[in-house]
Amino acid sequence: MSKLHLEIITPEKTLYNDDIELVEVPGKRGRFTVLVNHAPIISTLEKGEIRVKSAAGTDVTFDCNAGYLECSENKVSILLN
């Protein structure tokens with residue numbers, strides 16, 4: 001069974017680094033969700049909330065002012081400004 005791994009980083013520190021069920025982000029063209037086996041994507045992020053559903057099933061949220069998301073081979077990287 002495939003797993004989805006998420007890393008959220010800022011210039012100062014790593015905010016999150018763990019396996020997840022999904023991540024929902026504020027994309028430039030609207031909110032979207034990344035799940036396991038998502039097609040490769042690179043997107044800019046806008047002001048809003050990032051919602052993470054951890055592998056344990058708990059929700060965690062992060063504020064986003066702007067940033068970038070890259071997803072490839074079940075690895076999601078979010079770079080926040």
# chains A, B, ... in the order shown; residues from 1 in each chain; ligands from 1
$ residues_around --residues "Leu6 of chain A" --least-positions-apart "6" --cutoff "12 Å" --atoms "only C-alpha atoms" --output "PyMOL selection string"
chain A and resi 14-24+34-36+50-55+69-79
$ closest_residue --among "A:Asn81, A:Pro26, A:Ser2, A:Ile9" --to "His38 of chain A" --atoms "only C-alpha atoms"
A:Ser2
$ closest_residue --among "A:Pro11, A:Thr58, A:Lys28, A:Asp63" --to "Ile42 of chain A" --atoms "only C-alpha atoms"
A:Lys28
$ closest_residue --among "A:Lys13, A:Gly57, A:Lys3, A:Gly67" --to "Asn37 of chain A" --atoms "only C-alpha atoms"
A:Lys3
$ select_by_dssp --residues "segment 2-63 of chain A" --states "strand (DSSP E or B)" --output "PyMOL selection string"
chain A and resi 4-9+14-27+30-35+41-45+48-54+59-63
